[in-house]
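J.: Contents of work.pdb (PDB, C-alpha atoms, pLDDT in the B column) are below:
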ATOM      1  CA  SER U 249     -16.498  -1.117   4.763  1.00 96.00           C
ATOM      2  CA  PRO U 250     -13.112  -2.678   5.536  1.00 95.00           C
ATOM      3  CA  ASP U 251     -14.741  -6.015   6.388  1.00 93.00           C
ATOM      4  CA  GLY U 252     -16.805  -6.029   3.166  1.00 95.00           C
ATOM      5  CA  ARG U 253     -20.150  -6.264   4.993  1.00 96.00           C
ATOM      6  CA  PHE U 254     -21.486  -2.800   4.160  1.00 98.00           C
ATOM      7  CA  VAL U 255     -21.349  -0.220   1.367  1.00 98.00           C
ATOM      8  CA  ILE U 256     -21.416   3.415   2.475  1.00 98.00           C
ATOM      9  CA  VAL U 257     -22.434   6.127   0.033  1.00 98.00           C
ATOM     10  CA  ALA U 258     -21.883   9.861   0.576  1.00 97.00           C
ATOM     11  CA  ASP U 259     -25.138  11.528  -0.569  1.00 97.00           C
ATOM     12  CA  LEU U 260     -24.601  15.274  -0.957  1.00 96.00           C
ATOM     13  CA  GLY U 261     -28.273  15.962  -1.746  1.00 95.00           C
ATOM     14  CA  ILE U 262     -29.718  14.569   1.490  1.00 97.00           C
ATOM     15  CA  ASP U 263     -26.743  15.280   3.808  1.00 98.00           C
ATOM     16  CA  GLN U 264     -26.363  11.635   4.751  1.00 97.00           C
ATOM     17  CA  LEU U 265     -24.009   8.714   4.553  1.00 98.00           C
ATOM     18  CA  VAL U 266     -26.319   5.958   3.355  1.00 98.00           C
ATOM     19  CA  VAL U 267     -25.411   2.454   4.566  1.00 98.00           C
ATOM     20  CA  TYR U 268     -26.292  -0.666   2.585  1.00 98.00           C
ATOM     21  CA  ALA U 269     -25.807  -4.255   3.725  1.00 98.00           C
ATOM     22  CA  PHE U 270     -23.779  -6.116   1.094  1.00 97.00           C
ATOM     23  CA  ASP U 271     -24.346  -9.744   0.150  1.00 97.00           C
ATOM     24  CA  PRO U 272     -21.061 -10.934  -1.402  1.00 94.00           C
ATOM     25  CA  ALA U 273     -22.666 -14.059  -2.872  1.00 96.00           C
ATOM     26  CA  SER U 274     -25.274 -12.212  -4.932  1.00 97.00           C
ATOM     27  CA  GLY U 275     -23.813  -8.701  -4.989  1.00 96.00           C
ATOM     28  CA  ALA U 276     -27.128  -7.383  -3.659  1.00 98.00           C
ATOM     29  CA  LEU U 277     -27.335  -4.178  -1.656  1.00 98.00           C
ATOM     30  CA  THR U 278     -30.062  -3.761   0.963  1.00 98.00           C
ATOM     31  CA  PRO U 279     -30.819  -0.436   2.691  1.00 98.00           C
ATOM     32  CA  HIS U 280     -29.490  -0.707   6.231  1.00 98.00           C
ATOM     33  CA  GLY U 281     -29.164   2.727   7.850  1.00 97.00           C
ATOM     34  CA  GLN U 282     -27.533   6.122   7.626  1.00 97.00           C
ATOM     35  CA  GLY U 283     -25.212   8.576   9.267  1.00 97.00           C
ATOM     36  CA  GLN U 284     -26.592  12.093   9.435  1.00 97.00           C
ATOM     37  CA  ALA U 285     -24.327  14.979   8.406  1.00 97.00           C
ATOM     38  CA  GLU U 286     -24.949  18.561   9.481  1.00 97.00           C
ATOM     39  CA  PRO U 287     -27.759  20.229   7.473  1.00 97.00           C
ATOM     40  CA  GLY U 288     -26.331  21.831   4.321  1.00 97.00           C
ATOM     41  CA  ALA U 289     -22.924  20.100   4.696  1.00 98.00           C
ATOM     42  CA  GLY U 290     -22.994  18.219   1.405  1.00 98.00           C
ATOM     43  CA  PRO U 291     -20.980  15.036   2.058  1.00 98.00           C
ATOM     44  CA  ARG U 292     -18.869  14.350  -1.033  1.00 96.00           C
ATOM     45  CA  HIS U 293     -16.062  11.923  -0.297  1.00 97.00           C
ATOM     46  CA  LEU U 294     -15.260   9.511   2.545  1.00 97.00           C
ATOM     47  CA  ALA U 295     -12.323   7.474   3.777  1.00 97.00           C
ATOM     48  CA  PHE U 296     -11.844   4.984   6.595  1.00 97.00           C
ATOM     49  CA  ALA U 297      -9.115   5.263   9.201  1.00 96.00           C
ATOM     50  CA  PRO U 298      -6.682   2.309   8.966  1.00 96.00           C
ATOM     51  CA  ASP U 299      -8.207   0.735  12.098  1.00 94.00           C
ATOM     52  CA  GLY U 300     -11.682   0.807  10.478  1.00 95.00           C
ATOM     53  CA  GLY U 301     -13.276   2.532  13.478  1.00 95.00           C
ATOM     54  CA  THR U 302     -13.585   6.044  12.033  1.00 97.00           C
ATOM     55  CA  VAL U 303     -14.995   7.348   8.762  1.00 97.00           C
ATOM     56  CA  TYR U 304     -13.805  10.789   7.655  1.00 98.00           C
ATOM     57  CA  VAL U 305     -16.066  12.790   5.344  1.00 98.00           C
ATOM     58  CA  ALA U 306     -15.257  15.812   3.154  1.00 98.00           C
ATOM     59  CA  ASN U 307     -18.297  18.086   3.100  1.00 98.00           C
ATOM     60  CA  GLU U 308     -18.343  20.061  -0.146  1.00 97.00           C
ATOM     61  CA  LEU U 309     -21.011  22.670   0.576  1.00 98.00           C
ATOM     62  CA  ASP U 310     -19.904  24.005   3.982  1.00 98.00           C
ATOM     63  CA  SER U 311     -16.124  23.374   3.751  1.00 98.00           C
ATOM     64  CA  THR U 312     -15.971  21.018   6.705  1.00 98.00           C
ATOM     65  CA  LEU U 313     -14.401  17.711   7.609  1.00 98.00           C
ATOM     66  CA  ALA U 314     -16.541  15.341   9.678  1.00 98.00           C
ATOM     67  CA  ALA U 315     -15.478  12.302  11.690  1.00 98.00           C
ATOM     68  CA  PHE U 316     -17.988   9.508  12.281  1.00 97.00           C
ATOM     69  CA  ARG U 317     -17.489   6.602  14.689  1.00 97.00           C
ATOM     70  CA  TYR U 318     -18.171   3.413  12.728  1.00 97.00           C
ATOM     71  CA  GLY U 319     -19.692   0.365  14.426  1.00 96.00           C
ATOM     72  CA  SER U 320     -18.495  -2.569  12.326  1.00 95.00           C
ATOM     73  CA  ALA U 321     -20.867  -5.078  13.950  1.00 95.00           C
ATOM     74  CA  SER U 322     -23.978  -2.987  13.288  1.00 96.00           C
ATOM     75  CA  GLY U 323     -22.909  -0.815  10.349  1.00 97.00           C
ATOM     76  CA  SER U 324     -23.743   2.255  12.432  1.00 97.00           C
ATOM     77  CA  LEU U 325     -22.325   5.755  11.942  1.00 98.00           C
ATOM     78  CA  VAL U 326     -22.343   8.334  14.743  1.00 97.00           C
ATOM     79  CA  LEU U 327     -21.113  11.876  14.126  1.00 97.00           C
ATOM     80  CA  GLN U 328     -18.224  12.693  16.501  1.00 97.00           C
ATOM     81  CA  GLN U 329     -16.628  15.915  15.248  1.00 98.00           C
ATOM     82  CA  VAL U 330     -16.983  18.584  12.543  1.00 98.00           C
ATOM     83  CA  LEU U 331     -14.388  21.248  11.803  1.00 97.00           C
ATOM     84  CA  SER U 332     -13.553  23.726   9.064  1.00 98.00           C
ATOM     85  CA  THR U 333     -11.206  22.755   6.245  1.00 98.00           C
ATOM     86  CA  ARG U 334     -10.023  26.368   6.044  1.00 97.00           C
ATOM     87  CA  PRO U 335      -7.845  28.470   8.315  1.00 93.00           C
ATOM     88  CA  ALA U 336      -9.520  31.199  10.383  1.00 92.00           C
ATOM     89  CA  GLY U 337     -10.342  34.253   8.283  1.00 93.00           C
ATOM     90  CA  ALA U 338     -10.425  32.461   4.914  1.00 94.00           C
ATOM     91  CA  ALA U 339     -12.953  34.097   2.594  1.00 93.00           C
ATOM     92  CA  GLY U 340     -14.539  33.408  -0.782  1.00 95.00           C
ATOM     93  CA  ASP U 341     -15.988  30.315  -2.359  1.00 97.00           C
ATOM     94  CA  ASN U 342     -14.411  26.980  -1.494  1.00 98.00           C
ATOM     95  CA  PHE U 343     -15.406  23.408  -2.273  1.00 98.00           C
ATOM     96  CA  PRO U 344     -13.589  20.450  -0.679  1.00 98.00           C
ATOM     97  CA  ALA U 345     -13.073  17.612  -3.131  1.00 95.00           C
ATOM     98  CA  ASP U 346     -10.783  14.705  -2.293  1.00 97.00           C
ATOM     99  CA  LEU U 347      -9.874  13.171   1.066  1.00 97.00           C
ATOM    100  CA  HIS U 348      -7.197  10.659   2.089  1.00 98.00           C
ATOM    101  CA  VAL U 349      -5.925   9.229   5.354  1.00 98.00           C
ATOM    102  CA  HIS U 350      -2.171   8.794   5.811  1.00 98.00           C
ATOM    103  CA  PRO U 351      -1.170   5.094   5.966  1.00 97.00           C
ATOM    104  CA  THR U 352      -0.241   5.538   9.660  1.00 97.00           C
ATOM    105  CA  GLY U 353      -3.694   6.949  10.465  1.00 97.00           C
ATOM    106  CA  ARG U 354      -2.053   9.927  12.210  1.00 98.00           C
ATOM    107  CA  PHE U 355      -3.019  12.502   9.556  1.00 98.00           C
ATOM    108  CA  VAL U 356      -5.940  13.300   7.263  1.00 98.00           C
ATOM    109  CA  TYR U 357      -5.525  15.328   4.061  1.00 98.00           C
ATOM    110  CA  LEU U 358      -8.240  17.167   2.128  1.00 98.00           C
ATOM    111  CA  SER U 359      -8.145  19.215  -1.097  1.00 98.00           C
ATOM    112  CA  ASN U 360      -9.859  22.629  -1.159  1.00 98.00           C
ATOM    113  CA  ARG U 361     -10.997  23.851  -4.579  1.00 98.00           C
ATOM    114  CA  GLY U 362     -11.258  27.632  -4.439  1.00 97.00           C
ATOM    115  CA  ASP U 363      -8.629  28.153  -1.759  1.00 97.00           C
ATOM    116  CA  ASN U 364      -6.353  25.911  -3.883  1.00 98.00           C
ATOM    117  CA  THR U 365      -4.930  24.258  -0.793  1.00 98.00           C
ATOM    118  CA  ILE U 366      -4.429  20.927   0.885  1.00 98.00           C
ATOM    119  CA  ALA U 367      -5.651  21.001   4.470  1.00 98.00           C
ATOM    120  CA  VAL U 368      -3.619  18.840   6.840  1.00 98.00           C
ATOM    121  CA  PHE U 369      -5.261  17.497   9.999  1.00 98.00           C
ATOM    122  CA  SER U 370      -3.609  15.663  12.861  1.00 98.00           C
ATOM    123  CA  VAL U 371      -5.414  12.815  14.591  1.00 98.00           C
ATOM    124  CA  ALA U 372      -4.776  12.763  18.354  1.00 95.00           C
ATOM    125  CA  SER U 373      -3.687   9.363  19.612  1.00 91.00           C
ATOM    126  CA  GLY U 374      -6.082   7.947  22.159  1.00 86.00           C
ATOM    127  CA  THR U 375      -8.953  10.375  21.515  1.00 88.00           C
ATOM    128  CA  GLY U 376      -8.978  10.487  17.705  1.00 90.00           C
ATOM    129  CA  ARG U 377      -9.746  14.222  17.827  1.00 95.00           C
ATOM    130  CA  LEU U 378      -8.841  16.124  14.674  1.00 98.00           C
ATOM    131  CA  ALA U 379      -6.997  19.448  14.521  1.00 98.00           C
ATOM    132  CA  LEU U 380      -6.142  21.551  11.465  1.00 98.00           C
ATOM    133  CA  VAL U 381      -2.336  21.844  11.527  1.00 98.00           C
ATOM    134  CA  GLN U 382      -1.513  23.196   8.058  1.00 98.00           C
ATOM    135  CA  SER U 383      -3.150  24.697   5.004  1.00 98.00           C
ATOM    136  CA  VAL U 384      -0.665  24.632   2.133  1.00 98.00           C
ATOM    137  CA  ALA U 385      -1.046  26.207  -1.315  1.00 97.00           C
ATOM    138  CA  THR U 386      -0.987  23.529  -3.997  1.00 98.00           C
ATOM    139  CA  GLY U 387       0.730  25.610  -6.669  1.00 96.00           C
ATOM    140  CA  GLY U 388      -2.087  25.083  -9.162  1.00 97.00           C
ATOM    141  CA  HIS U 389      -5.728  25.886  -9.786  1.00 97.00           C
ATOM    142  CA  TRP U 390      -8.673  23.744  -8.593  1.00 97.00           C
ATOM    143  CA  PRO U 391      -6.986  20.774  -6.852  1.00 98.00           C
ATOM    144  CA  ARG U 392      -9.516  18.058  -7.542  1.00 93.00           C
ATOM    145  CA  ASN U 393      -7.766  14.780  -6.755  1.00 96.00           C
ATOM    146  CA  PHE U 394      -4.591  13.760  -4.999  1.00 98.00           C
ATOM    147  CA  ALA U 395      -2.821  10.606  -3.914  1.00 98.00           C
ATOM    148  CA  ILE U 396      -0.441   9.535  -1.168  1.00 98.00           C
ATOM    149  CA  ASP U 397       2.194   6.942  -2.030  1.00 97.00           C
ATOM    150  CA  PRO U 398       1.763   3.626  -0.139  1.00 96.00           C
ATOM    151  CA  ALA U 399       4.771   4.338   2.104  1.00 97.00           C
ATOM    152  CA  GLY U 400       3.329   7.727   3.100  1.00 98.00           C
ATOM    153  CA  HIS U 401       6.314   9.806   1.969  1.00 98.00           C
ATOM    154  CA  LEU U 402       4.868  11.714  -1.018  1.00 98.00           C
ATOM    155  CA  LEU U 403       1.605  13.429  -1.887  1.00 98.00           C
ATOM    156  CA  LEU U 404       0.749  14.261  -5.522  1.00 98.00           C
ATOM    157  CA  VAL U 405      -1.969  16.835  -6.317  1.00 98.00           C
ATOM    158  CA  ALA U 406      -3.777  16.962  -9.697  1.00 98.00           C
ATOM    159  CA  HIS U 407      -5.172  20.393 -10.661  1.00 97.00           C
ATOM    160  CA  GLN U 408      -8.238  20.366 -12.879  1.00 96.00           C
ATOM    161  CA  ARG U 409      -8.038  23.917 -14.218  1.00 97.00           C
ATOM    162  CA  SER U 410      -4.279  24.392 -14.541  1.00 97.00           C
ATOM    163  CA  ASP U 411      -3.568  20.920 -15.978  1.00 95.00           C
ATOM    164  CA  SER U 412      -0.700  20.266 -13.609  1.00 97.00           C
ATOM    165  CA  ILE U 413       0.448  17.851 -10.924  1.00 98.00           C
ATOM    166  CA  THR U 414       2.442  19.127  -7.948  1.00 98.00           C
ATOM    167  CA  SER U 415       4.393  16.914  -5.565  1.00 98.00           C
ATOM    168  CA  PHE U 416       4.980  17.321  -1.829  1.00 98.00           C
ATOM    169  CA  THR U 417       7.004  15.444   0.740  1.00 98.00           C
ATOM    170  CA  ILE U 418       5.189  14.442   3.930  1.00 98.00           C
ATOM    171  CA  ASP U 419       6.914  15.003   7.277  1.00 98.00           C
ATOM    172  CA  ALA U 420       6.475  11.698   9.159  1.00 97.00           C
ATOM    173  CA  ARG U 421       6.429  13.449  12.546  1.00 97.00           C
ATOM    174  CA  THR U 422       4.069  16.402  11.871  1.00 98.00           C
ATOM    175  CA  GLY U 423       2.245  15.430   8.685  1.00 98.00           C
ATOM    176  CA  HIS U 424       3.227  18.792   7.179  1.00 98.00           C
ATOM    177  CA  LEU U 425       3.650  19.078   3.429  1.00 98.00           C
ATOM    178  CA  THR U 426       6.652  20.657   1.663  1.00 98.00           C
ATOM    179  CA  ARG U 427       6.735  21.192  -2.103  1.00 98.00           C
ATOM    180  CA  THR U 428       9.428  19.169  -3.821  1.00 98.00           C
ATOM    181  CA  GLY U 429       9.724  21.583  -6.754  1.00 95.00           C
ATOM    182  CA  ALA U 430       8.789  18.826  -9.210  1.00 94.00           C
ATOM    183  CA  GLU U 431       5.718  19.367 -11.366  1.00 94.00           C
TER
END
Write out the structure in this file as structure tokens.

T.:
Amino acid sequence: SPDGRFVIVADLGIDQLVVYAFDPASGALTPHGQGQAEPGAGPRHLAFAPDGGTVYVANELDSTLAAFRYGSASGSLVLQQVLSTRPAGAAGDNFPADLHVHPTGRFVYLSNRGDNTIAVFSVASGTGRLALVQSVATGGHWPRNFAIDPAGHLLLVAHQRSDSITSFTIDARTGHLTRTGAE
């Protein structure tokens, strides 16, 4: 957790985010609690919002993004929202992999293996509600990992099966991605 008090583990097999209390002096982890994902979701990867109050989770098995409210004092996780990582009508196998929050906290990005896309979500100010605003082809096959530069201007996608990296600019106002043409 951002304050270093808890360790949160995405456990795909039991559809939970398992919370451990962390003792920095000894390095010991003690079971503390859990956040329950939807049955069959398969939580794979998580990221905190910059303010530390929300945990976003990429669910690999049902192609969803979940938002959990995080209670820093208690280490609690409460599911707030779940939505598809794919545009309406998308078909075929798809497996979300990586997940990152824009440095401003206004956008969340998620890679879709199968669709070969990056899903772009906006985060509504005030409510924190997510909305899918773009699904952009990555220009490669099986986008496993990606990174956003610290300033939030560029996004680089690494493709496992096509051995390539594609770069995108990030629109500061909308969060939308545009390919730079550099690979």

J.: Please list as a list in words every residue within 8 Å of Asn342 (chain U), counting all atoms listed in the file and excluding residues in the same chain fewer than 3 positions away.

T.: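 That gives Ser311, Asn360, Arg361, Gly362 and Asp363 of chain U.
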
J.: May I have the residues at most 10 Å from (-22.8, 13.9, 6.4) in the file's coordinates, counting all atoms listed in the file, as a short mmCIF file (atom, residue, chain, number, x, y, z; two decimals) with C-alpha atoms, in the frame of the given file?

T.:
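As a result, selection.cif now contains:
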data_model
loop_
_atom_site.label_atom_id
_atom_site.label_comp_id
_atom_site.auth_asym_id
_atom_site.auth_seq_id
_atom_site.Cartn_x
_atom_site.Cartn_y
_atom_site.Cartn_z
CA ALA U 258 -21.88 9.86 0.58
CA ASP U 259 -25.14 11.53 -0.57
CA LEU U 260 -24.60 15.27 -0.96
CA ILE U 262 -29.72 14.57 1.49
CA ASP U 263 -26.74 15.28 3.81
CA GLN U 264 -26.36 11.64 4.75
CA LEU U 265 -24.01 8.71 4.55
CA VAL U 266 -26.32 5.96 3.36
CA GLN U 282 -27.53 6.12 7.63
CA GLY U 283 -25.21 8.58 9.27
CA GLN U 284 -26.59 12.09 9.44
CA ALA U 285 -24.33 14.98 8.41
CA GLU U 286 -24.95 18.56 9.48
CA PRO U 287 -27.76 20.23 7.47
CA GLY U 288 -26.33 21.83 4.32
CA ALA U 289 -22.92 20.10 4.70
CA GLY U 290 -22.99 18.22 1.40
CA PRO U 291 -20.98 15.04 2.06
CA ARG U 292 -18.87 14.35 -1.03
CA HIS U 293 -16.06 11.92 -0.30
CA LEU U 294 -15.26 9.51 2.54
CA TYR U 304 -13.80 10.79 7.66
CA VAL U 305 -16.07 12.79 5.34
CA ALA U 306 -15.26 15.81 3.15
CA ASN U 307 -18.30 18.09 3.10
CA THR U 312 -15.97 21.02 6.70
CA LEU U 313 -14.40 17.71 7.61
CA ALA U 314 -16.54 15.34 9.68
CA ALA U 315 -15.48 12.30 11.69
CA PHE U 316 -17.99 9.51 12.28
CA LEU U 325 -22.32 5.76 11.94
CA LEU U 327 -21.11 11.88 14.13
CA VAL U 330 -16.98 18.58 12.54
#

J.: Mind telling me what the PyMOL selection byres ((chain U and resi 322) around 12) catches here, as a PyMOL selection string?

T.: chain U and resi 249+251+253-254+267-269+280-282+317-321+323-326

J.: Calculate how many Å separate CA of Ala345 (chain U) from CA of Arg392 (chain U), rounding to one decimal.

T.: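 Value for the CA of Ala345 (chain U)-CA of Arg392 (chain U) distance: 5.7 Å.
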
J.: Expressed in Å to a single decimal, how great is the separation between CA of Pro298 (chain U) and CA of Thr352 (chain U)?

T.: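 Value for the CA of Pro298 (chain U)-CA of Thr352 (chain U) distance: 7.2 Å.
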
J.: Given the file shown, enumerate the residues that the PyMOL selection byres ((chain U and resi 386) around 6) captures and present them as a VMD selection string.

T.: chain U and resid 364 to 365 385 387 to 388

J.: Which centre and edge lengths in Å to one decimal define the box along x, y and z that fits every listed atom of region 319-338 of chain U plus 6 Å per side, as AutoDock Vina command-line options?

T.:
--center_x -15.9 --center_y 14.6 --center_z 10.7 --size_x 28.1 --size_y 51.3 --size_z 23.6

J.: List the neighbours of Asp271 (chain U) out to 12 Å using only C-alpha atoms; skip same-chain residues closer than 6 positions along the sequence, and give me the result as a PyMOL selection string.

T.: chain U and resi 252-255+277-279

J.: Which of these residues is nearest to Gly261 (chain U), using only C-alpha atoms: U:Glu308, U:Gly429, U:Phe394, U:Phe343?

T.: U:Glu308

J.: The PyMOL selection byres ((chain U and resi 376) around 12) on the file shown: which residues, as a compact mmCIF listing (two decimals) with C-alpha atoms, in the frame of the given file?

T.:
# COMPACT_ATOMS: atom_id res chain seq x y z
CA ALA U 297 -9.12 5.26 9.20
CA ASP U 299 -8.21 0.74 12.10
CA GLY U 301 -13.28 2.53 13.48
CA THR U 302 -13.58 6.04 12.03
CA VAL U 303 -15.00 7.35 8.76
CA TYR U 304 -13.80 10.79 7.66
CA ALA U 315 -15.48 12.30 11.69
CA PHE U 316 -17.99 9.51 12.28
CA ARG U 317 -17.49 6.60 14.69
CA GLN U 328 -18.22 12.69 16.50
CA GLN U 329 -16.63 15.92 15.25
CA GLY U 353 -3.69 6.95 10.46
CA ARG U 354 -2.05 9.93 12.21
CA PHE U 355 -3.02 12.50 9.56
CA VAL U 356 -5.94 13.30 7.26
CA PHE U 369 -5.26 17.50 10.00
CA SER U 370 -3.61 15.66 12.86
CA VAL U 371 -5.41 12.82 14.59
CA ALA U 372 -4.78 12.76 18.35
CA SER U 373 -3.69 9.36 19.61
CA GLY U 374 -6.08 7.95 22.16
CA THR U 375 -8.95 10.38 21.52
CA ARG U 377 -9.75 14.22 17.83
CA LEU U 378 -8.84 16.12 14.67
CA ALA U 379 -7.00 19.45 14.52

J.: Give the answer as one residue: which of U:Phe296, U:Trp390, U:Tyr357, U:Phe270 has the shortest atom-to-atom distance to Asp411 (chain U), using only C-alpha atoms?

T.: U:Trp390

J.: Please compute the CA of Pro351 (chain U)-CA of Ile396 (chain U) distance, one decimal, in Å.

T.: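 Those two atoms sit 8.4 Å apart.
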
J.: Using all atoms listed in the file, which of the listed residues (U:Val257, U:Ala336, U:Val349, U:Leu425) sits closest to Leu404 (chain U)?

T.: U:Leu425
